[in-house]
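Undergrad: My questions will all concern the structure given below.
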Amino acid sequence: MTNAAAATPQRPRVVVVGAGWAGLGATHHLAQQGYEVTLLEAGAHPGGLVAGWETAGKSVEAGIHGFWYPYRNIFALTDRLALQPFTPYTRSAQYSPQGLEVESPLFQAEPYLPSPLGTFVYTDFKRLPLADLLSALPLLHAVVDFDNSPEAWQYYDRISARELFRQYGVSDRLYRDAFEPMLLVGLFAPGEQCSAAAALGMLYYFILAHQPDFDVRWCRGTVGAEIFRPWTQAIEAAGGTILPHHRVTAVIADEGGDRITAVMCGEERFEADAVIFAVGITGLKKIVASSPTLRQRAAFRDVQNLGAVDVLATRLWFDRKVSVPLPSNACFGFHATTGWTFFDLNALHDAYRDAPGSVIEVDYYHANQLLPLADGEILPLVQQDLAGCIPAFGEARIVDAHVVRLPQAVSHFAPGSYRYLLPRHTPFQNLFMAGDWITNRHGSWSQEKAYVTGLEAANAVVELCHQGQPADILPVIPDEPHLQWARSLNQSVKACLRGLGLLASF
Ligand SMILES: Cc1cc2nc3c(=O)[nH]c(=O)nc-3n(C[C@H](O)[C@H](O)[C@H](O)COP(=O)(O)OP(=O)(O)OC[C@H]3O[C@@H](n4cnc5c(N)ncnc54)[C@H](O)[C@@H]3O)c2cc1C
């Protein structure tokens, strides 16, 4: 039996820090397993980057969040909570300043083709010449070679996504019109600032692994109201304690220095047998800076080498209904290094279905240059961008708007960052990490990954304290047989080359 379990045979005390998908996932499971769990959240609302709230009776969110087809663990959770928060799967479009560029079908409704054929055959590229599309073919080698192992991450993380696409001969046009928009929306940064490893992992999970993977659905209201409110009620009913407005500043270790005994919020102290940090990169950097115990460990000091990306979320209420063909839309070519999306909330949110005017969410990723602007300066730029896609927005009048600035908010998977990302286990035997930037082998991304890492951290606590059962974690849908075959052929060829001394690394 471990020290932690021996010291507290009845109910081990667990402190979870950060109430996003990761922290809530860990808290829920441990509360259900009989742990005394306290979830400390710096902000006013649970949900982290997905938090939503109301101002003057109108819903606001830190950006709209999609739930992709492979989010099996999140869908299993909402089923267990008996919630029906989602819209049906929706189709989506892409715009450039030249107009509509791409329309995506519902891939699950099309005849199934071996992956990734369906992605290329069924996507309706309005202007992209076939020759450009075909220039993606050699890239399939990298897709097969990148198997999400630590070795693959180390190897591909040395170069940027832009460099990878160039090395594999992807045409400039295909890169500009298809891949860079996906990077800006999926990894929140332009290709030259994205790790090639992250690009391959993200593209495979969301687009290439199985035909329906790119199908997405949305919440019928804010994720806060539709999922987090009932979820936090379930957590509290299971005995968990959620404390908003509690910003963690430090941790205290025992005399040996390798076990955390307490978590500090300023002067307030929370005793702990185990601790889970489920904060983002920026949050952890601040905690490390103010915590002598963490500062002493190189792994935590090194987190200062990681970065995060600025995001801007705006919600606009117009005086009239403007017809928007598809509810979710990604846009590229409007700003050199900023991607943006817009969503027709009249189509997605029950509350706005019968609103007299259009309610449109416009979110900007890698929005560094926009954040310092005042709301009154931002809104005309947003309206101009919208009118660049759908001209009728230029004629409509904004009658109300909310602007949410999210500085240094989302994880930045920069080239060379992999070595500084933290795994679940830390140098402290009872301190575990969770969040969408933690290294793990599951293969998921974004909200699903955050939730999965929360469950994985909870399972590490169960293993440490020997109380309760581990959470069931659904693996990602397995590779299709021909991809499994291609991966194993690739491994065999590489083993041969290595044997002949013709291949040195990965
Ligand atoms: C605009 C936008 C759009 C996005 N779109 C999508 C999408 O469509 N689909 C998708 O799957 N993902 C999307 N994402 C990404 C998704 O939001 C994240 O992957 C996910 O929410 C990360 O969850 P997390 O639990 O790891 O971290 P977070 O949500 O960042 O939660 C961390 C929590 O820790 C708290 N915290 C930080 N420091 C402290 C401290 N010292 N003490 C206590 N608490 C602290 C924070 O307040 C926060 O609540 C989007 C993100 C943004 C910003």
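Naming works like this for the structure tokens: A, B, ... for the chains as they're shown, residue 1 at the start of each chain, ligands 1 onward in shown order.
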Can you write out as a Markdown table which residues of chain A fall within 7 Å of ligand 1, alongside each residue's closest atom pair and its distance in Å to one decimal, counting only C-alpha atoms and all ligand atoms and ordering rows by chain and ascending residue number?

TA:
```
| residue | atom | partner | partner_atom_place_in_ligand_line | distance |
| --- | --- | --- | --- | --- |
| A:Val17 | CA | ligand 1 | 43 (C) | 5.1 |
| A:Gly18 | CA | ligand 1 | 34 (O) | 3.2 |
| A:Ala19 | CA | ligand 1 | 49 (O) | 4.6 |
| A:Gly20 | CA | ligand 1 | 25 (O) | 3.5 |
| A:Trp21 | CA | ligand 1 | 25 (O) | 3.9 |
| A:Ala22 | CA | ligand 1 | 25 (O) | 3.8 |
| A:Gly23 | CA | ligand 1 | 25 (O) | 5.8 |
| A:Leu40 | CA | ligand 1 | 43 (C) | 5.2 |
| A:Glu41 | CA | ligand 1 | 44 (N) | 3.8 |
| A:Ala42 | CA | ligand 1 | 44 (N) | 3.9 |
| A:Gly43 | CA | ligand 1 | 47 (O) | 4.8 |
| A:Pro46 | CA | ligand 1 | 49 (O) | 6.1 |
| A:Gly47 | CA | ligand 1 | 49 (O) | 5.7 |
| A:Gly48 | CA | ligand 1 | 49 (O) | 3.0 |
| A:Leu49 | CA | ligand 1 | 29 (O) | 3.8 |
| A:Val50 | CA | ligand 1 | 17 (O) | 5.2 |
| A:Ala62 | CA | ligand 1 | 1 (C) | 5.7 |
| A:Gly63 | CA | ligand 1 | 1 (C) | 3.8 |
| A:Ile64 | CA | ligand 1 | 3 (C) | 5.6 |
| A:His65 | CA | ligand 1 | 8 (O) | 3.4 |
| A:Gly66 | CA | ligand 1 | 8 (O) | 3.7 |
| A:Phe67 | CA | ligand 1 | 9 (N) | 5.7 |
| A:His246 | CA | ligand 1 | 43 (C) | 5.7 |
| A:Arg247 | CA | ligand 1 | 42 (N) | 3.6 |
| A:Val248 | CA | ligand 1 | 42 (N) | 3.8 |
| A:Thr249 | CA | ligand 1 | 41 (N) | 5.7 |
| A:Ala278 | CA | ligand 1 | 32 (C) | 5.8 |
| A:Val279 | CA | ligand 1 | 34 (O) | 3.8 |
| A:Gly280 | CA | ligand 1 | 30 (O) | 4.5 |
| A:Gly283 | CA | ligand 1 | 38 (N) | 3.7 |
| A:Leu284 | CA | ligand 1 | 38 (N) | 6.2 |
| A:Lys286 | CA | ligand 1 | 41 (N) | 6.9 |
| A:Ile287 | CA | ligand 1 | 41 (N) | 5.6 |
| A:Val311 | CA | ligand 1 | 1 (C) | 5.9 |
| A:Leu312 | CA | ligand 1 | 1 (C) | 6.7 |
| A:Ala313 | CA | ligand 1 | 1 (C) | 6.0 |
| A:Asp363 | CA | ligand 1 | 1 (C) | 5.9 |
| A:Tyr365 | CA | ligand 1 | 1 (C) | 6.9 |
| A:Leu406 | CA | ligand 1 | 53 (C) | 7.0 |
| A:Ala409 | CA | ligand 1 | 53 (C) | 6.2 |
| A:Val410 | CA | ligand 1 | 53 (C) | 5.7 |
| A:Ala434 | CA | ligand 1 | 26 (O) | 6.7 |
| A:Gly435 | CA | ligand 1 | 26 (O) | 3.3 |
| A:Asp436 | CA | ligand 1 | 26 (O) | 4.2 |
| A:Trp437 | CA | ligand 1 | 26 (O) | 6.8 |
| A:Trp445 | CA | ligand 1 | 11 (O) | 6.8 |
| A:Ser446 | CA | ligand 1 | 19 (O) | 3.4 |
| A:Gln447 | CA | ligand 1 | 11 (O) | 3.8 |
| A:Glu448 | CA | ligand 1 | 11 (O) | 6.1 |
| A:Ala450 | CA | ligand 1 | 26 (O) | 4.4 |
| A:Tyr451 | CA | ligand 1 | 25 (O) | 6.8 |
```

Undergrad: Using N, CA and C atoms, can you write the selected residues to a file as a short mmCIF file (atom, residue, chain, number, x, y, z; two decimals), in the first residue's frame?

TA:
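After the write, out06.cif holds the following:
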```
data_model
loop_
_atom_site.label_atom_id
_atom_site.label_comp_id
_atom_site.auth_asym_id
_atom_site.auth_seq_id
_atom_site.Cartn_x
_atom_site.Cartn_y
_atom_site.Cartn_z
N VAL A 17 -7.01 20.93 -9.98
CA VAL A 17 -6.85 22.37 -10.26
C VAL A 17 -7.25 22.64 -11.71
N GLY A 18 -8.31 23.44 -11.89
CA GLY A 18 -8.76 23.81 -13.24
C GLY A 18 -10.02 23.05 -13.63
N ALA A 19 -11.09 23.82 -13.92
CA ALA A 19 -12.40 23.19 -14.18
C ALA A 19 -12.78 23.24 -15.65
N GLY A 20 -11.84 22.86 -16.52
CA GLY A 20 -12.18 22.63 -17.93
C GLY A 20 -12.60 21.18 -18.11
N TRP A 21 -12.62 20.72 -19.37
CA TRP A 21 -12.99 19.33 -19.63
C TRP A 21 -12.12 18.37 -18.82
N ALA A 22 -10.81 18.66 -18.74
CA ALA A 22 -9.88 17.75 -18.08
C ALA A 22 -10.17 17.67 -16.59
N GLY A 23 -10.27 18.83 -15.94
CA GLY A 23 -10.46 18.86 -14.49
C GLY A 23 -11.83 18.30 -14.09
N LEU A 40 -10.55 23.20 -7.69
CA LEU A 40 -10.28 24.63 -7.53
C LEU A 40 -10.21 25.29 -8.90
N GLU A 41 -11.03 26.29 -9.13
CA GLU A 41 -11.09 26.96 -10.43
C GLU A 41 -10.88 28.47 -10.23
N ALA A 42 -9.93 29.02 -11.00
CA ALA A 42 -9.63 30.44 -10.85
C ALA A 42 -10.79 31.32 -11.30
N GLY A 43 -11.48 30.92 -12.34
CA GLY A 43 -12.53 31.76 -12.92
C GLY A 43 -13.86 31.66 -12.18
N PRO A 46 -17.33 27.17 -14.31
CA PRO A 46 -16.64 25.98 -14.79
C PRO A 46 -16.70 25.93 -16.31
N GLY A 47 -15.79 25.17 -16.90
CA GLY A 47 -15.82 25.00 -18.36
C GLY A 47 -14.51 25.41 -19.02
N GLY A 48 -13.69 26.19 -18.32
CA GLY A 48 -12.41 26.61 -18.90
C GLY A 48 -12.63 27.35 -20.20
N LEU A 49 -11.95 26.92 -21.25
CA LEU A 49 -12.06 27.59 -22.54
C LEU A 49 -13.43 27.42 -23.17
N VAL A 50 -14.21 26.53 -22.61
CA VAL A 50 -15.53 26.27 -23.19
C VAL A 50 -16.62 26.92 -22.32
N ALA A 62 -16.83 31.58 -24.70
CA ALA A 62 -15.44 31.81 -25.12
C ALA A 62 -15.22 31.07 -26.44
N GLY A 63 -16.03 31.40 -27.45
CA GLY A 63 -15.89 30.74 -28.75
C GLY A 63 -16.84 29.56 -28.88
N ILE A 64 -17.22 29.28 -30.12
CA ILE A 64 -18.12 28.14 -30.38
C ILE A 64 -17.28 26.87 -30.49
N HIS A 65 -17.80 25.79 -29.96
CA HIS A 65 -17.05 24.53 -29.93
C HIS A 65 -17.80 23.43 -30.65
N GLY A 66 -17.10 22.80 -31.58
CA GLY A 66 -17.68 21.68 -32.32
C GLY A 66 -17.31 20.36 -31.68
N PHE A 67 -18.17 19.36 -31.89
CA PHE A 67 -17.95 18.01 -31.35
C PHE A 67 -17.89 17.07 -32.53
N HIS A 246 -11.10 30.42 -7.10
CA HIS A 246 -9.96 29.91 -6.30
C HIS A 246 -8.76 29.72 -7.22
N ARG A 247 -7.89 30.70 -7.21
CA ARG A 247 -6.70 30.65 -8.07
C ARG A 247 -5.55 30.02 -7.30
N VAL A 248 -5.07 28.90 -7.78
CA VAL A 248 -3.97 28.20 -7.10
C VAL A 248 -2.66 28.94 -7.36
N THR A 249 -1.88 29.13 -6.31
CA THR A 249 -0.63 29.88 -6.44
C THR A 249 0.60 29.02 -6.18
N ALA A 278 -4.99 20.41 -13.97
CA ALA A 278 -5.71 20.36 -15.24
C ALA A 278 -5.84 21.79 -15.77
N VAL A 279 -4.74 22.51 -15.71
CA VAL A 279 -4.73 23.90 -16.18
C VAL A 279 -4.04 23.96 -17.54
N GLY A 280 -4.31 25.01 -18.29
CA GLY A 280 -3.64 25.19 -19.58
C GLY A 280 -2.19 25.61 -19.38
N GLY A 283 -1.73 28.99 -17.60
CA GLY A 283 -2.06 28.87 -16.17
C GLY A 283 -0.94 28.18 -15.42
N LEU A 284 -0.38 27.11 -16.00
CA LEU A 284 0.67 26.38 -15.29
C LEU A 284 1.94 27.23 -15.18
N LYS A 286 2.17 30.33 -14.78
CA LYS A 286 2.01 31.28 -13.66
C LYS A 286 2.14 30.56 -12.33
N ILE A 287 1.56 29.36 -12.21
CA ILE A 287 1.67 28.63 -10.93
C ILE A 287 3.13 28.29 -10.65
N VAL A 311 -6.84 34.29 -28.84
CA VAL A 311 -8.09 34.02 -29.56
C VAL A 311 -9.08 35.14 -29.23
N LEU A 312 -9.93 35.45 -30.20
CA LEU A 312 -10.95 36.48 -29.99
C LEU A 312 -12.30 35.89 -30.38
N ALA A 313 -13.28 36.00 -29.50
CA ALA A 313 -14.62 35.48 -29.80
C ALA A 313 -15.61 36.64 -29.80
N ASP A 363 -15.34 33.92 -34.61
CA ASP A 363 -14.18 33.67 -33.74
C ASP A 363 -12.89 33.76 -34.56
N TYR A 365 -8.69 33.09 -34.62
CA TYR A 365 -7.63 32.30 -34.00
C TYR A 365 -6.29 32.89 -34.42
N LEU A 406 -9.35 36.43 -25.41
CA LEU A 406 -8.75 35.26 -24.74
C LEU A 406 -7.24 35.27 -25.00
N ALA A 409 -4.47 31.85 -24.75
CA ALA A 409 -5.49 30.94 -24.23
C ALA A 409 -5.31 29.50 -24.70
N VAL A 410 -5.07 29.29 -25.99
CA VAL A 410 -5.07 27.90 -26.46
C VAL A 410 -3.63 27.39 -26.65
N ALA A 434 -3.14 16.81 -16.49
CA ALA A 434 -4.20 16.54 -17.47
C ALA A 434 -4.42 17.81 -18.29
N GLY A 435 -5.00 17.66 -19.46
CA GLY A 435 -5.28 18.83 -20.31
C GLY A 435 -4.96 18.52 -21.76
N ASP A 436 -5.41 19.40 -22.66
CA ASP A 436 -5.28 19.09 -24.09
C ASP A 436 -3.85 19.19 -24.60
N TRP A 437 -2.91 19.62 -23.76
CA TRP A 437 -1.51 19.75 -24.21
C TRP A 437 -0.59 18.71 -23.57
N TRP A 445 -7.79 14.71 -29.86
CA TRP A 445 -7.38 16.12 -29.80
C TRP A 445 -8.45 16.97 -29.14
N SER A 446 -8.04 18.15 -28.73
CA SER A 446 -8.93 19.23 -28.27
C SER A 446 -9.81 18.79 -27.10
N GLN A 447 -11.12 19.06 -27.18
CA GLN A 447 -11.97 18.77 -26.01
C GLN A 447 -11.94 17.29 -25.64
N GLU A 448 -12.00 16.42 -26.65
CA GLU A 448 -12.00 14.98 -26.37
C GLU A 448 -10.69 14.59 -25.67
N ALA A 450 -8.75 16.55 -23.89
CA ALA A 450 -8.73 17.11 -22.53
C ALA A 450 -9.52 16.19 -21.59
N TYR A 451 -10.71 15.78 -22.03
CA TYR A 451 -11.54 14.91 -21.19
C TYR A 451 -10.84 13.57 -20.93
#
```

Undergrad: Need the shell around Asp177 (chain A): protein/DNA/RNA residues with any atom at most 9 Å away, counting only C-alpha atoms. Skip same-chain ones fewer than 3 positions apart. Format as a PDB file with C-alpha atoms, in the first residue's frame?

TA:
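Saved as out.pdb:
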```
ATOM      1  CA  SER A  96     -11.914  33.162 -49.101  1.00  0.00           C
ATOM      2  CA  GLU A 101     -14.325  27.813 -51.846  1.00  0.00           C
ATOM      3  CA  LEU A 128      -9.152  23.984 -56.642  1.00  0.00           C
ATOM      4  CA  ASP A 172       1.447  26.113 -52.817  1.00  0.00           C
ATOM      5  CA  ARG A 173      -2.177  26.492 -53.838  1.00  0.00           C
ATOM      6  CA  LEU A 174      -3.335  23.325 -52.034  1.00  0.00           C
ATOM      7  CA  GLU A 180      -3.275  26.201 -43.870  1.00  0.00           C
ATOM      8  CA  PRO A 181      -6.960  26.938 -43.122  1.00  0.00           C
ATOM      9  CA  PHE A 332      -8.983  31.952 -45.040  1.00  0.00           C
ATOM     10  CA  GLY A 333      -7.009  34.464 -47.055  1.00  0.00           C
TER      11      GLY A 333
END
```

Undergrad: Please indicate the distance in Å from CA of Ser59 (chain A) to CA of Ile242 (chain A), rounded to one decimal place.

TA: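 Answer for the CA of Ser59 (chain A) to CA of Ile242 (chain A) separation: 22.4 Å.
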
Undergrad: Work out how far CA of Leu81 (chain A) is from CA of Lys449 (chain A), in Å to one decimal.

TA: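 That distance, rounded to one decimal, is 19.3 Å.
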
Undergrad: Please identify all polymer residues within 10 Å of region 133-150 of chain A, counting only C-alpha atoms, omitting same-chain residues fewer than 4 positions from it, and present them as a ChimeraX atom specification.

TA: /A:116,120,125,128-129,154-156,164-175,178-179,196-201,203-204,208-209,418-419,439-443,483-491,494,506
